[in-house]
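Engineer: Dumping the structure here so I can ask a few things about it.
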Amino acid sequence: MKKLSFSAKLGICLIALFLTAALLAPFLSLHPPDQTNIAERFHPPSSSYWFGQDHLGGDIYSRVIYGARISLFVALTSTFISLIIGLFLGTIAGYFGGWLDEFLMRIVDILLAFPGLLLIFALAAFLNPSLFNVIFIFSSVGWTGFARVARSQALVEKEKDFIQAARSLGAESSTILIHHIVPNILAPLIVQATFTMGAIIIGESSLSFLGIGVPPDIPSWGNMLYQAKQSGFQPAFISIFPGVAIMLTVLGFNFIGDGLRDMWDPKAK
């Protein structure tokens, strides 16, 4: 197994930086994220307001830090739920086969027949903007990709000699699945999870930018871009800093995914 590449280590550092900022937001912020001062709206970056002030005079730096909490929480929670659902359904479909496999995979095919982002927007349009609903939307759509990967890996694993030996010794299907198949198919799913987190951050920001994601009173990077758009002819720094935060976070997750894929791929040179 190869070592992690430099880009993967860089990605880990970027994500660790944003996670640290999210966890320590009350200690790192200069001002409360909901503080307003209309008299100083659109004030440029200064020693008191490192990233400047938004359309309500709020501290952009503090809102970017608190926004990391929302974006990372949505990405991590939605990905974890999708991974668990997809791992469970895909593994049992690949291992047992038959009508169960056909039934589950036809559901996956139906969901994948719709463009992912279009389906997310359609669900968001019918639900009230809330943090729970955003997580529900991404979890409802995201599990299908994990299910297909888990199924394909389970189909390969169940034919291996050690699985056949476990069956011949009388091991139950649940034991084989939990102790033998699932641990051996986690690697590609973890790689996919890292890319999914980056995609969810972009998706959450897109929903909030359109006003159908996280409620406007909750500081998130997408909401900051939405409010910048509503402000008309605003200074560039209003949207630059949340945009850079989104870019660096997604880049970090993609770097980690590429590094893990190269490290765990036995065919990689």
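If you're wondering about the labels, chains in the structure tokens are A, B, ... by order shown, residues count from 1 in each chain, ligands from 1 in order shown.
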Hey, what's within 8 Å of Gly58 of chain A if we count only C-alpha atoms and toss same-chain stuff fewer than 3 positions away? As a list of chain:residue names, please?
Structural biologist: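 Skipping anything fewer than 3 positions along the chain leaves A:Pro33, A:Asp34, A:Gln35, A:Thr36, A:Asn37, A:Arg41, A:Gln53, A:Asp54, A:His55, A:Arg63.
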Engineer: Go ahead and save the picked residues with all heavy atoms, as a compact mmCIF listing (two decimals), in the first residue's frame.
Structural biologist:
```
# COMPACT_ATOMS: atom_id res chain seq x y z
N PRO A 33 -21.94 36.46 15.39
CA PRO A 33 -22.30 36.35 13.97
C PRO A 33 -23.61 37.05 13.61
O PRO A 33 -23.84 37.36 12.43
CB PRO A 33 -22.41 34.84 13.76
CG PRO A 33 -22.72 34.30 15.11
CD PRO A 33 -21.99 35.17 16.08
N ASP A 34 -24.48 37.30 14.60
CA ASP A 34 -25.75 37.96 14.33
C ASP A 34 -25.73 39.45 14.64
O ASP A 34 -26.76 40.12 14.59
CB ASP A 34 -26.88 37.29 15.11
CG ASP A 34 -26.59 37.23 16.61
OD1 ASP A 34 -25.47 37.58 17.03
OD2 ASP A 34 -27.50 36.82 17.37
N GLN A 35 -24.57 39.97 14.98
CA GLN A 35 -24.46 41.40 15.30
C GLN A 35 -24.60 42.22 14.02
O GLN A 35 -24.07 41.88 12.98
CB GLN A 35 -23.12 41.68 15.96
CG GLN A 35 -22.85 43.16 16.22
CD GLN A 35 -21.50 43.38 16.86
OE1 GLN A 35 -21.22 42.85 17.94
NE2 GLN A 35 -20.62 44.16 16.21
N THR A 36 -25.34 43.34 14.11
CA THR A 36 -25.54 44.22 12.96
C THR A 36 -25.19 45.65 13.33
O THR A 36 -25.25 46.04 14.50
CB THR A 36 -26.99 44.17 12.46
OG1 THR A 36 -27.87 44.58 13.53
CG2 THR A 36 -27.37 42.76 12.02
N ASN A 37 -24.82 46.40 12.33
CA ASN A 37 -24.52 47.82 12.49
C ASN A 37 -24.71 48.49 11.14
O ASN A 37 -23.79 48.60 10.34
CB ASN A 37 -23.09 48.01 13.00
CG ASN A 37 -22.77 49.47 13.33
OD1 ASN A 37 -23.61 50.35 13.13
ND2 ASN A 37 -21.58 49.72 13.82
N ARG A 41 -22.39 49.45 7.19
CA ARG A 41 -22.58 48.41 6.19
C ARG A 41 -21.59 48.57 5.03
O ARG A 41 -21.24 49.69 4.66
CB ARG A 41 -24.03 48.43 5.66
CG ARG A 41 -24.42 49.70 4.95
CD ARG A 41 -25.93 49.84 4.80
NE ARG A 41 -26.53 48.73 4.14
CZ ARG A 41 -26.89 48.72 2.85
NH1 ARG A 41 -26.67 49.79 2.11
NH2 ARG A 41 -27.46 47.67 2.32
N GLN A 53 -17.44 44.11 6.45
CA GLN A 53 -18.80 44.01 6.99
C GLN A 53 -19.80 43.86 5.85
O GLN A 53 -19.60 44.42 4.76
CB GLN A 53 -19.13 45.24 7.84
CG GLN A 53 -18.28 45.33 9.11
CD GLN A 53 -18.44 46.65 9.84
OE1 GLN A 53 -17.62 47.56 9.68
NE2 GLN A 53 -19.49 46.76 10.64
N ASP A 54 -20.87 43.12 6.12
CA ASP A 54 -21.84 42.80 5.07
C ASP A 54 -22.91 43.90 4.95
O ASP A 54 -22.75 45.01 5.45
CB ASP A 54 -22.47 41.43 5.33
CG ASP A 54 -23.20 41.36 6.66
OD1 ASP A 54 -23.47 42.42 7.26
OD2 ASP A 54 -23.49 40.24 7.13
N HIS A 55 -24.03 43.54 4.28
CA HIS A 55 -25.07 44.53 4.00
C HIS A 55 -25.79 45.02 5.24
O HIS A 55 -26.49 46.05 5.19
CB HIS A 55 -26.09 43.92 3.03
CG HIS A 55 -26.86 42.77 3.61
ND1 HIS A 55 -26.26 41.59 4.00
CD2 HIS A 55 -28.19 42.63 3.88
CE1 HIS A 55 -27.18 40.77 4.47
NE2 HIS A 55 -28.34 41.37 4.41
N ARG A 63 -19.00 35.33 10.49
CA ARG A 63 -20.04 34.56 9.81
C ARG A 63 -19.45 33.44 8.97
O ARG A 63 -20.05 32.37 8.84
CB ARG A 63 -20.91 35.48 8.95
CG ARG A 63 -21.77 36.44 9.76
CD ARG A 63 -22.63 37.32 8.88
NE ARG A 63 -23.60 36.56 8.13
CZ ARG A 63 -24.77 36.15 8.59
NH1 ARG A 63 -25.11 36.42 9.84
NH2 ARG A 63 -25.60 35.47 7.84
```
Engineer: Which residues, written as a VMD selection string, have at least one atom at most 12 Å from Ser5 of chain A, with only C-alpha atoms counted and residues fewer than 2 positions away on the same chain left out?
Structural biologist: chain A and resid 1 to 3 7 to 12 255 to 264
Engineer: Based on the selection just made, write all heavy atoms of those residues as a tab-separated table (two decimals), in the first residue's frame.
Structural biologist:
```tsv
chain	number	residue	atom	x	y	z
A	1	MET	N	0.84	-1.19	0.00
A	1	MET	CA	0.00	0.00	0.00
A	1	MET	C	0.88	1.25	0.00
A	1	MET	O	1.80	1.37	0.79
A	1	MET	CB	-0.91	0.01	1.23
A	1	MET	CG	-1.91	1.15	1.26
A	1	MET	SD	-3.12	0.98	2.57
A	1	MET	CE	-2.10	1.05	4.04
A	2	LYS	N	0.58	2.20	-0.90
A	2	LYS	CA	1.39	3.40	-1.02
A	2	LYS	C	1.08	4.37	0.11
A	2	LYS	O	0.08	4.26	0.81
A	2	LYS	CB	1.10	4.07	-2.36
A	2	LYS	CG	1.42	3.22	-3.56
A	2	LYS	CD	1.47	4.07	-4.81
A	2	LYS	CE	0.21	4.89	-5.02
A	2	LYS	NZ	0.28	5.69	-6.25
A	3	LYS	N	1.98	5.34	0.26
A	3	LYS	CA	1.77	6.39	1.24
A	3	LYS	C	0.86	7.46	0.67
A	3	LYS	O	0.66	7.57	-0.54
A	3	LYS	CB	3.12	7.00	1.64
A	3	LYS	CG	4.05	6.04	2.36
A	3	LYS	CD	5.33	6.75	2.76
A	3	LYS	CE	6.27	5.80	3.51
A	3	LYS	NZ	7.54	6.49	3.91
A	7	SER	N	-0.78	15.98	-2.09
A	7	SER	CA	-2.08	16.65	-2.25
A	7	SER	C	-3.08	16.15	-1.21
A	7	SER	O	-3.90	16.92	-0.70
A	7	SER	CB	-2.62	16.43	-3.67
A	7	SER	OG	-2.81	15.05	-3.92
A	8	ALA	N	-3.03	14.84	-0.89
A	8	ALA	CA	-3.93	14.31	0.13
A	8	ALA	C	-3.62	14.90	1.50
A	8	ALA	O	-4.52	15.23	2.27
A	8	ALA	CB	-3.83	12.79	0.17
A	9	LYS	N	-2.33	15.03	1.81
A	9	LYS	CA	-1.94	15.65	3.08
A	9	LYS	C	-2.37	17.11	3.13
A	9	LYS	O	-2.81	17.61	4.18
A	9	LYS	CB	-0.43	15.53	3.28
A	9	LYS	CG	0.04	14.09	3.44
A	9	LYS	CD	1.56	14.03	3.57
A	9	LYS	CE	2.04	12.58	3.71
A	9	LYS	NZ	3.52	12.49	3.77
A	10	LEU	N	-2.26	17.78	1.99
A	10	LEU	CA	-2.74	19.16	1.92
A	10	LEU	C	-4.24	19.23	2.15
A	10	LEU	O	-4.74	20.12	2.85
A	10	LEU	CB	-2.37	19.76	0.57
A	10	LEU	CG	-2.86	21.20	0.30
A	10	LEU	CD1	-2.27	22.16	1.33
A	10	LEU	CD2	-2.49	21.63	-1.12
A	11	GLY	N	-4.98	18.27	1.55
A	11	GLY	CA	-6.42	18.22	1.76
A	11	GLY	C	-6.78	17.99	3.21
A	11	GLY	O	-7.71	18.61	3.74
A	12	ILE	N	-6.05	17.10	3.88
A	12	ILE	CA	-6.30	16.84	5.30
A	12	ILE	C	-6.06	18.10	6.12
A	12	ILE	O	-6.84	18.42	7.04
A	12	ILE	CB	-5.41	15.69	5.79
A	12	ILE	CG1	-5.84	14.36	5.15
A	12	ILE	CG2	-5.47	15.57	7.32
A	12	ILE	CD1	-4.93	13.20	5.46
A	255	PHE	N	-9.02	16.37	-2.70
A	255	PHE	CA	-7.63	15.95	-2.54
A	255	PHE	C	-7.54	14.69	-1.69
A	255	PHE	O	-6.79	13.76	-2.00
A	255	PHE	CB	-6.82	17.07	-1.89
A	255	PHE	CG	-6.38	18.14	-2.85
A	255	PHE	CD1	-5.89	19.36	-2.39
A	255	PHE	CD2	-6.45	17.95	-4.22
A	255	PHE	CE1	-5.48	20.35	-3.26
A	255	PHE	CE2	-6.05	18.93	-5.11
A	255	PHE	CZ	-5.56	20.13	-4.63
A	256	ILE	N	-8.31	14.67	-0.60
A	256	ILE	CA	-8.30	13.49	0.28
A	256	ILE	C	-8.81	12.26	-0.47
A	256	ILE	O	-8.24	11.17	-0.39
A	256	ILE	CB	-9.13	13.74	1.54
A	256	ILE	CG1	-8.49	14.84	2.39
A	256	ILE	CG2	-9.27	12.46	2.36
A	256	ILE	CD1	-9.35	15.28	3.57
A	257	GLY	N	-9.90	12.43	-1.22
A	257	GLY	CA	-10.45	11.31	-1.98
A	257	GLY	C	-9.47	10.77	-3.00
A	257	GLY	O	-9.31	9.55	-3.13
A	258	ASP	N	-8.81	11.66	-3.73
A	258	ASP	CA	-7.82	11.23	-4.72
A	258	ASP	C	-6.67	10.48	-4.04
A	258	ASP	O	-6.20	9.45	-4.54
A	258	ASP	CB	-7.27	12.43	-5.48
A	258	ASP	CG	-8.25	12.96	-6.50
A	258	ASP	OD1	-9.09	12.17	-6.98
A	258	ASP	OD2	-8.18	14.16	-6.83
A	259	GLY	N	-6.20	11.00	-2.90
A	259	GLY	CA	-5.10	10.36	-2.20
A	259	GLY	C	-5.45	8.99	-1.67
A	259	GLY	O	-4.67	8.04	-1.79
A	260	LEU	N	-6.65	8.85	-1.09
A	260	LEU	CA	-7.08	7.55	-0.57
A	260	LEU	C	-7.27	6.55	-1.70
A	260	LEU	O	-6.93	5.37	-1.56
A	260	LEU	CB	-8.37	7.71	0.24
A	260	LEU	CG	-8.26	8.48	1.55
A	260	LEU	CD1	-9.64	8.61	2.20
A	260	LEU	CD2	-7.30	7.80	2.51
A	261	ARG	N	-7.83	7.01	-2.81
A	261	ARG	CA	-8.04	6.11	-3.95
A	261	ARG	C	-6.71	5.58	-4.48
A	261	ARG	O	-6.57	4.39	-4.77
A	261	ARG	CB	-8.80	6.84	-5.05
A	261	ARG	CG	-9.08	5.99	-6.28
A	261	ARG	CD	-9.86	6.79	-7.30
A	261	ARG	NE	-9.15	8.02	-7.66
A	261	ARG	CZ	-9.71	9.02	-8.33
A	261	ARG	NH1	-10.98	8.96	-8.69
A	261	ARG	NH2	-9.00	10.10	-8.64
A	262	ASP	N	-5.74	6.46	-4.61
A	262	ASP	CA	-4.42	6.03	-5.10
A	262	ASP	C	-3.72	5.12	-4.10
A	262	ASP	O	-3.02	4.18	-4.49
A	262	ASP	CB	-3.54	7.25	-5.38
A	262	ASP	CG	-4.07	8.09	-6.53
A	262	ASP	OD1	-4.87	7.55	-7.33
A	262	ASP	OD2	-3.70	9.27	-6.62
A	263	MET	N	-3.90	5.38	-2.81
A	263	MET	CA	-3.22	4.60	-1.78
A	263	MET	C	-3.79	3.19	-1.68
A	263	MET	O	-3.06	2.23	-1.46
A	263	MET	CB	-3.33	5.30	-0.43
A	263	MET	CG	-2.55	4.62	0.69
A	263	MET	SD	-2.64	5.53	2.26
A	263	MET	CE	-4.37	5.30	2.67
A	264	TRP	N	-5.12	3.08	-1.83
A	264	TRP	CA	-5.77	1.78	-1.66
A	264	TRP	C	-5.93	0.99	-2.95
A	264	TRP	O	-6.33	-0.18	-2.93
A	264	TRP	CB	-7.14	1.96	-1.02
A	264	TRP	CG	-7.07	2.33	0.44
A	264	TRP	CD1	-6.05	2.02	1.28
A	264	TRP	CD2	-8.05	3.05	1.20
A	264	TRP	NE1	-6.33	2.51	2.55
A	264	TRP	CE2	-7.54	3.13	2.53
A	264	TRP	CE3	-9.28	3.60	0.90
A	264	TRP	CZ2	-8.25	3.77	3.54
A	264	TRP	CZ3	-9.98	4.25	1.91
A	264	TRP	CH2	-9.47	4.33	3.22
```
Engineer: Excluding segment 151-166 of chain A and its own-chain neighbours fewer than 6 positions away, which residues fall within 7 Å of it when counting only C-alpha atoms? Please give them as a list in words.
Structural biologist: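 Final neighbour list, sorted by chain and number: Gly90, Thr91, Ala93, Gly94, Tyr95, Ile181 and Ile185 of chain A.
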Engineer: I need the helix (DSSP H, G or I) residues of segment 58-267 of chain A per DSSP on the backbone, written as a PyMOL selection string.
Structural biologist: chain A and resi 60-96+98-112+116-126+131-157+161-168+173-209+221-230+237-264
Engineer: Counting only C-alpha atoms, which residue out of A:Leu72, A:Phe103, A:Ala199, A:Leu127 sits closest to Ala16 of chain A?
Structural biologist: A:Leu72
Engineer: Would you list the contacts of Ser208 of chain A as a ChimeraX atom specification, taking every protein, DNA or RNA residue within 10 Å and counting only C-alpha atoms, but skipping same-chain residues closer than 4 positions in sequence?
Structural biologist: /A:129,134,202-204,212-216,220-227
Engineer: Next, the residues of the selection above should be written as a compact mmCIF listing (two decimals), in the first residue's frame with all heavy atoms.
Structural biologist:
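Dumped to again-v1.txt:
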```txt
# COMPACT_ATOMS: atom_id res chain seq x y z
N PRO A 129 -37.69 25.54 4.21
CA PRO A 129 -36.25 25.67 4.46
C PRO A 129 -35.90 25.40 5.92
O PRO A 129 -36.40 26.07 6.82
CB PRO A 129 -35.97 27.14 4.09
CG PRO A 129 -37.09 27.54 3.20
CD PRO A 129 -38.28 26.77 3.68
N VAL A 134 -32.71 19.98 4.79
CA VAL A 134 -31.56 19.94 3.89
C VAL A 134 -30.82 18.61 4.04
O VAL A 134 -30.45 17.96 3.05
CB VAL A 134 -30.62 21.13 4.16
CG1 VAL A 134 -29.30 20.96 3.41
CG2 VAL A 134 -31.27 22.43 3.76
N ILE A 202 -21.28 21.95 -1.99
CA ILE A 202 -21.70 22.76 -3.15
C ILE A 202 -23.23 22.75 -3.27
O ILE A 202 -23.85 23.80 -3.53
CB ILE A 202 -21.06 22.22 -4.43
CG1 ILE A 202 -19.53 22.41 -4.39
CG2 ILE A 202 -21.63 22.92 -5.66
CD1 ILE A 202 -18.81 21.86 -5.59
N GLY A 203 -23.85 21.59 -3.06
CA GLY A 203 -25.30 21.50 -3.16
C GLY A 203 -26.01 22.33 -2.10
O GLY A 203 -26.98 23.04 -2.40
N GLU A 204 -25.53 22.25 -0.86
CA GLU A 204 -26.14 23.05 0.22
C GLU A 204 -25.98 24.53 -0.05
O GLU A 204 -26.91 25.32 0.16
CB GLU A 204 -25.49 22.68 1.56
CG GLU A 204 -26.06 23.42 2.76
CD GLU A 204 -25.41 24.77 3.00
OE1 GLU A 204 -24.19 24.89 2.78
OE2 GLU A 204 -26.15 25.72 3.37
N ILE A 212 -33.75 28.37 -0.80
CA ILE A 212 -34.60 27.21 -0.48
C ILE A 212 -33.82 26.18 0.35
O ILE A 212 -34.22 25.01 0.42
CB ILE A 212 -35.15 26.54 -1.75
CG1 ILE A 212 -34.00 26.17 -2.71
CG2 ILE A 212 -36.15 27.44 -2.44
CD1 ILE A 212 -34.48 25.43 -3.96
N GLY A 213 -32.73 26.61 0.96
CA GLY A 213 -31.92 25.69 1.76
C GLY A 213 -32.03 25.99 3.24
O GLY A 213 -33.11 25.96 3.82
N VAL A 214 -30.90 26.29 3.84
CA VAL A 214 -30.86 26.64 5.26
C VAL A 214 -31.56 27.99 5.45
O VAL A 214 -31.40 28.90 4.64
CB VAL A 214 -29.40 26.71 5.74
CG1 VAL A 214 -29.33 27.16 7.20
CG2 VAL A 214 -28.73 25.36 5.58
N PRO A 215 -32.37 28.15 6.52
CA PRO A 215 -33.05 29.44 6.75
C PRO A 215 -32.08 30.61 6.76
O PRO A 215 -30.93 30.48 7.20
CB PRO A 215 -33.70 29.23 8.13
CG PRO A 215 -33.89 27.76 8.24
CD PRO A 215 -32.73 27.14 7.51
N PRO A 216 -32.53 31.77 6.27
CA PRO A 216 -31.62 32.93 6.15
C PRO A 216 -31.01 33.41 7.46
O PRO A 216 -29.96 34.04 7.45
CB PRO A 216 -32.53 34.01 5.54
CG PRO A 216 -33.63 33.26 4.88
CD PRO A 216 -33.85 32.03 5.70
N SER A 220 -24.59 30.54 7.04
CA SER A 220 -23.96 29.50 6.23
C SER A 220 -23.35 30.18 5.02
O SER A 220 -23.71 31.30 4.66
CB SER A 220 -24.98 28.43 5.79
OG SER A 220 -25.79 28.90 4.73
N TRP A 221 -22.41 29.50 4.38
CA TRP A 221 -21.73 30.11 3.24
C TRP A 221 -22.69 30.39 2.09
O TRP A 221 -22.59 31.42 1.43
CB TRP A 221 -20.59 29.21 2.79
CG TRP A 221 -19.53 29.05 3.83
CD1 TRP A 221 -19.22 29.95 4.82
CD2 TRP A 221 -18.64 27.95 4.01
NE1 TRP A 221 -18.19 29.47 5.59
CE2 TRP A 221 -17.81 28.24 5.13
CE3 TRP A 221 -18.45 26.74 3.35
CZ2 TRP A 221 -16.83 27.37 5.58
CZ3 TRP A 221 -17.46 25.87 3.79
CH2 TRP A 221 -16.66 26.19 4.90
N GLY A 222 -23.62 29.49 1.86
CA GLY A 222 -24.60 29.72 0.81
C GLY A 222 -25.50 30.90 1.11
O GLY A 222 -25.83 31.70 0.22
N ASN A 223 -25.91 31.05 2.37
CA ASN A 223 -26.73 32.20 2.76
C ASN A 223 -25.99 33.51 2.59
O ASN A 223 -26.58 34.53 2.22
CB ASN A 223 -27.18 32.04 4.23
CG ASN A 223 -28.43 31.19 4.36
OD1 ASN A 223 -29.18 31.03 3.40
ND2 ASN A 223 -28.65 30.64 5.53
N MET A 224 -24.69 33.49 2.88
CA MET A 224 -23.89 34.70 2.71
C MET A 224 -23.84 35.11 1.24
O MET A 224 -23.93 36.30 0.91
CB MET A 224 -22.49 34.49 3.27
CG MET A 224 -22.44 34.26 4.77
SD MET A 224 -20.77 33.98 5.39
CE MET A 224 -20.07 35.62 5.19
N LEU A 225 -23.72 34.14 0.35
CA LEU A 225 -23.74 34.46 -1.08
C LEU A 225 -25.12 34.94 -1.52
O LEU A 225 -25.24 35.84 -2.35
CB LEU A 225 -23.32 33.22 -1.88
CG LEU A 225 -21.87 32.75 -1.71
CD1 LEU A 225 -21.63 31.47 -2.49
CD2 LEU A 225 -20.89 33.83 -2.14
N TYR A 226 -26.16 34.33 -0.95
CA TYR A 226 -27.53 34.74 -1.27
C TYR A 226 -27.77 36.18 -0.84
O TYR A 226 -28.34 36.99 -1.59
CB TYR A 226 -28.52 33.80 -0.59
CG TYR A 226 -29.95 34.26 -0.66
CD1 TYR A 226 -30.68 34.18 -1.85
CD2 TYR A 226 -30.60 34.75 0.47
CE1 TYR A 226 -32.00 34.61 -1.91
CE2 TYR A 226 -31.91 35.17 0.42
CZ TYR A 226 -32.61 35.10 -0.76
OH TYR A 226 -33.92 35.51 -0.82
N GLN A 227 -27.33 36.52 0.37
CA GLN A 227 -27.52 37.89 0.87
C GLN A 227 -26.67 38.88 0.09
O GLN A 227 -27.08 40.03 -0.11
CB GLN A 227 -27.18 37.93 2.36
CG GLN A 227 -28.18 37.16 3.21
CD GLN A 227 -27.66 36.83 4.60
OE1 GLN A 227 -26.53 37.17 4.95
NE2 GLN A 227 -28.48 36.14 5.39
```
Engineer: Set the distance at 7 Å and use only C-alpha atoms: which residues neighbour segment 139-146 of chain A once local chain neighbours fewer than 3 positions away are removed? I'd like the list as a list in words.
Structural biologist: Ser78, Thr79, Ile81, Ser82, Leu83, Ile85, Gly86, Leu87, Val108, Ile135, Phe136, Val149, Ala150 and Leu189 of chain A
Engineer: Residues within 8 Å of Ala245 of chain A, please, as a ChimeraX atom specification. Count only C-alpha atoms; anything in the same chain fewer than 4 positions from it doesn't count.
Structural biologist: /A:64,221,241,249
Engineer: Considering only C-alpha atoms, can you say which of A:Ile176, A:Leu131, A:Val182, A:Ala75 comes closest to Met197 of chain A?
Structural biologist: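 Ranking A:Ile176, A:Leu131, A:Val182, A:Ala75 by distance to Met197 of chain A, first place goes to A:Ala75.
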Engineer: Taking 4 positions as the minimum chain separation for residues in the same chain, which residues sit within 7 Å of Phe18 of chain A when counting only C-alpha atoms? Answer as a PyMOL selection string.
Structural biologist: chain A and resi 14+22+68
Engineer: Pick from A:Leu104, A:Ile201, A:Asn133, A:Ile65: nearest to Leu17 of chain A, with only C-alpha atoms counted?
Structural biologist: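 Going through A:Leu104, A:Ile201, A:Asn133, A:Ile65 one by one, the smallest distance to Leu17 of chain A is for A:Ile65.
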Engineer: Between A:Pro26, A:Gly52, A:Pro32, A:Gly211, single out the one closest to Ser239 of chain A, counting only C-alpha atoms.
Structural biologist: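 Under the stated criterion, the closest residue is A:Gly52.
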Engineer: One decimal, Å: what's the distance from atom CA of Phe121 of chain A over to atom CA of Pro235 of chain A, could you say?
Structural biologist: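 Computing the Euclidean distance for atom CA of Phe121 of chain A and atom CA of Pro235 of chain A yields 29.0 Å.
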